[in-house]
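Novice: Below is a structure I'd like to ask you about.
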Amino acid sequence: MFRHILKAAALCLLLLPNAMTAQTKKTFTLDDLMWGGSNYWNLMPRSHFAAWWGNCLVENVSDAVKQITDAKGRTLKTPVTLFTESDVRAALDQAKHGQLHGTGSASFPEAGSPIVQLNTSKGIVRYNWQTRTVTAFVPTERGTQASKMAANMAIAFVKDYNVYVTTPDGTTRQVSHDGNRELQYGLSVHRDEFGIHEGLFWSPKGSLLAFYRMDQTMVTDFPLVDNSPRVATLAPEKYPMAGMTSHKVSVGIYNPATGRTVYLKTADPTDRYFTNIAWSPDEKTVYMFELPRTQDKAELIRYDAATGDCLGTLYTETNARYVEPMHPIVFLPWDATHYIMQSRRDGYNHLYLCSVNGGEPVQLTRGEYEVTEMVGFNAAKRSIVYVSNEGSPIERHIFSVSVKDGKRQRLSADGGSHHPSLSAGGTYVCDTWSNPGMYRRYDLLNTAKAGSAQTLWQLPNPWQDYDVPQVKNGTIKAADGKTDLYYRMVLPTNFDANKKYPAVVYVYGGPHAHNVEASWMYMTRPWEIYMAQRGYVIFVVDNRGSEDRGFAFESVTHRHLGDTEMADQIEGVKFLKQQPFVDADRLGVHGWSFGGFMTTNLMCSYPDVFKVGVAGGPVIDWKFYEVMYGERYMDTPQENPEGYKSSSLLNKAKNLKGRLQIIVGYNDPTCVLQHSLSFLRACEDAGTQPDYFVYPGQGHNMMGRDMVHLHERITRYFDDYLKGER
């Protein structure tokens with residue numbers, strides 16, 4: 001639902017400064033802290049660009065791209081310059097292939113070959129740094145809605161809802177011809193649920209293209225409006241609400257050599273979901289997870305890529321609550337008859353070794369922790385490199401596990417949150433990581449040796465001249481009295497334990513997201529820094545229902561969203577009130593998306609606890625939310641009328657006592673305006689008084705300068721009604 005938004009926001013956490021003493025330190029403005037701010041990019045620290053050239057690591061320093069390690073993982077005493085951006089620009093100017101988009105996205109197709117692949121304003125180029133010439137160029141169409149490049153440099157792209165393919169010789173062919181807003185080709189489907197982020201899937205060598213086709217003609221339109229013209233126009237969004245008619249999806253296979261398209265002969269696509277498309281190494285077979293609308297069963301089914309014929313079901317998983325496949329299968333590089341599958345079949349997301357001939361999956365990782373990312377393979381050692389939170393739910397560590405015997409070892413350094421980039425052969429990892437007290441470090445790891453970390457770079461505190469608050473971390477017990485919940489508490493700058501401070505609970509609370517992690521400053525958000533400067537305590541706790549703690553932890557909220565989550569947040573409030581420096585009479589709450597739902601719910605369910613709330617883009621009634629997400633966690637309104645009734649905030653509008661501001665994007669396609677407008681109507685009928693603010697032209701989240709405006713408005717509301725005397 002909102003995970004992409006939170007992940008994007010999490011990247012900004014790495015930009016925060018070290019906690020330091022407040023003597024003569026500068027203070028931040030929202031223009032400094034918020035992306036979209038006028039001074040944000042001036043204060044943003046520069047990361048190291050690093051990429052793999054086979055098993056050699058290269059970095060971008062100023063204008064030059066340099067090799068810094070050899071193929072055996074040894075750091076070169078003197079880095080070797082491979083090419084400069086000036087050299088590339090000169091070659092592009094001569095070939096008239098557009099302006100270079102920097103070297104941050106550079107990739108190196110072949111180990112030992114002096115070829116780098118780069119993006120330009122006109123397309124994708126391959127540049128030979130020895131001859132200083134462009135060796136290949138594939139143009140990209142303007143106005144494309146999506147694009148995907150194959151291993152052979154063929155490009156598939158979507159324009160006006162139709163799929164096109166440009167082959168390596170530069171020839172472009174139109175694959176579909178009847179695309180429109182209601183019949184879309186090559187785009188993401190099922191509203192980005194089930195791990196779906198795209199609609200184009202090249203086979204391993206680029207010989208075939210799989211693509212989604214989504215028929216939405218039967219889905220109701222939600223009447224969004226474009227206010228930018230002098231006379232506003234309709235900009236409707238196809239929006240299947242819970243319990244209502246949904247779209248139908250099919251999967252096509254296009255062969256550029258023949259120009260033919262075949263469609264997979266799936267079961268009736270009515271009320272069926274197709275996700276996690278994967279190719280066999282020989283490009284002859286397509287694999288896909290399929291679910292009924294009830295989402296209580298997932299089947300891994302394979303199809304003949306040449307005919308579209310169904311070749312049978314390889315694996316079936318059921319769960320009375322829901323099954324949620326999020327990752328395509330991945331074949332072993334050394335054995336095309338076996339693949340790795342991720343599943344929560346034992347209650348936690350783990351890796352399983354499976355055979356194309358069927359049989360019981362072999363569990364490779366096991367324990368009360370989650371595998372959060374499968375990074376790739378060390379083919380020589382026949383092991384898998386992955387990330388998990390084994391050891392601590394708030395840490396992320398890099399591990400390897402042997403496919404042969406399941407022996408695993410941790411590769412990353414102690415503590416923190418680690419983000420690996422794997423070399424082409426899988427022998428080495430460039431590990432970018434931080435911990436609560438360290439801003440950012442880059443280590444080189446050998447994936448076959450535990451304890452092999454070599455520090456490449458450790459970046460200094462980028463904002464050492466600024467005043468930054470102290471951040472505390474710990475655990476409290478959930479409302480069940482036994483489950484540990486992790487929290488973050490941000491104290492005001494110039495903190496005085498003898499004073500009483502207003503406090504704001506920042507909340508998200510929903511699945512596929514977490515707020516507390518052992519990365520830099522425990523994942524403190526920029527706005528929290530700003531509020532701490534203004535004399536607030538900020539408190540954040542990850543309640544049951546949030547991610548990466550196992551299926552039972554997440555699914556305890558099934559069929560009654562909001563109840564367990566609020567109970568756990570109130571346990572956090574009890575802990576907060578026990579702190580002698582917190583003014584229990586001045587408590588606020590703020591959140592966005594699911595957090596907007598939680599904020600409104602908490603304000604109306606506990607009207608004597610919270611004095612002020614700011615709810616952004618809130619879900620108000622789950623019957624107004626979309627089919628895939630809503631029915632996974634709530635079933636349909638027809639199947640679960642009591643659950644929908646108890647979770648509806650329309651029924652709680654009469655309880656509102658404090659100051660509640662609701663903020664929405666006028667063109668929000670995720671939490672459509674029916675949510676907030678219905679709540680306003682319910683409050684009007686009940687005689688309660690929320691405040692309301694709208695950003696015309698914005699979607700579910702504010703973009704550009706509106707981010708600064710938004711956070712100024714949120715801050716002012718707390719200043720006026722929580723910190724102030726109104």
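Ordering of the structure tokens sets the chain letters (A, B, ...), residue numbers begin anew at 1 in every chain, and ligands are numbered from 1 in the order given.
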Can you list every residue in segment 288-483 of chain A that DSSP puts in strand (DSSP E or B), as a ChimeraX atom specification?
Specialist: /A:288-292,297-304,310-318,330-332,335-343,350-355,362-363,371-378,383-388,396-402,408-410,417-422,428-435,438-446,454-459,466,471-477
Novice: Would you kindly return, as a list in words, each protein, DNA or RNA residue with an atom no farther than 8 Å from any atom of Asn349 of chain A, considering only C-alpha atoms and excluding same-chain residues fewer than 4 positions away?
Specialist: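 Selected residues are Gln342, Ser343, Arg344, Arg345, Tyr369, Glu370, Val371, Thr372 and Gly550 of chain A.
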Novice: With only C-alpha atoms as the atoms that count, which of A:His675, A:Arg321, A:Arg549, A:His514 lies nearest to Tyr633 of chain A?
Specialist: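 The closest residue to Tyr633 of chain A is A:Arg321.
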Novice: What's the 10 Å shell around Leu332 of chain A, counting only C-alpha atoms, without same-chain residues fewer than 6 positions away, as number ranges by chain?
Specialist: A: 281, 338-340, 353, 376-377, 379, 382-384, 403
Novice: May I have the selected residues written with N, CA and C atoms, as a short mmCIF file (atom, residue, chain, number, x, y, z; two decimals), in the first residue's frame?
Specialist:
data_model
loop_
_atom_site.label_atom_id
_atom_site.label_comp_id
_atom_site.auth_asym_id
_atom_site.auth_seq_id
_atom_site.Cartn_x
_atom_site.Cartn_y
_atom_site.Cartn_z
N PRO A 281 15.90 -20.33 -17.15
CA PRO A 281 17.15 -19.91 -17.79
C PRO A 281 17.18 -20.15 -19.29
N HIS A 338 16.77 -26.34 -10.45
CA HIS A 338 16.41 -25.94 -9.09
C HIS A 338 16.33 -24.43 -8.98
N TYR A 339 15.47 -23.98 -8.09
CA TYR A 339 15.27 -22.55 -7.89
C TYR A 339 15.07 -22.26 -6.40
N ILE A 340 15.21 -20.98 -6.06
CA ILE A 340 14.99 -20.52 -4.69
C ILE A 340 13.64 -19.81 -4.63
N LEU A 353 14.81 -24.20 -1.15
CA LEU A 353 15.34 -24.78 -2.37
C LEU A 353 14.28 -25.72 -2.95
N GLY A 376 21.67 -12.35 -3.99
CA GLY A 376 22.17 -13.07 -5.15
C GLY A 376 22.97 -14.28 -4.74
N PHE A 377 23.83 -14.74 -5.65
CA PHE A 377 24.56 -15.99 -5.45
C PHE A 377 26.07 -15.78 -5.52
N ALA A 379 28.37 -18.08 -7.03
CA ALA A 379 28.27 -19.30 -7.83
C ALA A 379 29.41 -20.26 -7.55
N ARG A 382 28.63 -21.85 -4.37
CA ARG A 382 27.27 -22.38 -4.39
C ARG A 382 26.51 -22.00 -3.11
N SER A 383 26.53 -20.70 -2.87
CA SER A 383 25.85 -20.17 -1.70
C SER A 383 24.98 -18.99 -2.11
N ILE A 384 24.06 -18.62 -1.22
CA ILE A 384 23.15 -17.49 -1.43
C ILE A 384 23.55 -16.37 -0.48
N VAL A 403 23.81 -23.71 -0.26
CA VAL A 403 22.68 -24.42 -0.85
C VAL A 403 22.78 -25.91 -0.56
#
Novice: Using only C-alpha atoms, which of the listed residues (A:Phe137, A:Trp527, A:Trp457, A:Phe718) sits closest to Asp32 of chain A?
Specialist: A:Trp527
Novice: Write out as a PyMOL selection string which residues come within 10 Å of Asp215 of chain A when counting only C-alpha atoms, dropping same-chain ones fewer than 4 positions away.
Specialist: chain A and resi 179-185+189+219+246-250
Novice: Please produce a file of those selected residues containing C-alpha atoms, as an mmCIF file, in the first residue's frame.
Specialist:
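Everything below was put into part.cif:
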data_model
loop_
_atom_site.group_PDB
_atom_site.id
_atom_site.type_symbol
_atom_site.label_atom_id
_atom_site.label_comp_id
_atom_site.auth_asym_id
_atom_site.auth_seq_id
_atom_site.Cartn_x
_atom_site.Cartn_y
_atom_site.Cartn_z
ATOM 1 C CA GLY A 179 -4.330 0.317 -25.465
ATOM 2 C CA ASN A 180 -6.132 3.097 -23.645
ATOM 3 C CA ARG A 181 -6.890 4.203 -20.089
ATOM 4 C CA GLU A 182 -9.261 1.283 -19.624
ATOM 5 C CA LEU A 183 -7.169 -1.342 -21.428
ATOM 6 C CA GLN A 184 -3.528 -1.002 -20.394
ATOM 7 C CA TYR A 185 -0.499 -2.925 -21.650
ATOM 8 C CA VAL A 189 -1.253 -4.253 -12.275
ATOM 9 C CA VAL A 219 -14.218 -1.124 -12.976
ATOM 10 C CA SER A 246 -12.255 -5.673 -10.027
ATOM 11 C CA HIS A 247 -10.188 -5.668 -13.214
ATOM 12 C CA LYS A 248 -9.013 -8.658 -15.268
ATOM 13 C CA VAL A 249 -5.351 -9.315 -16.040
ATOM 14 C CA SER A 250 -3.677 -11.505 -18.627
#
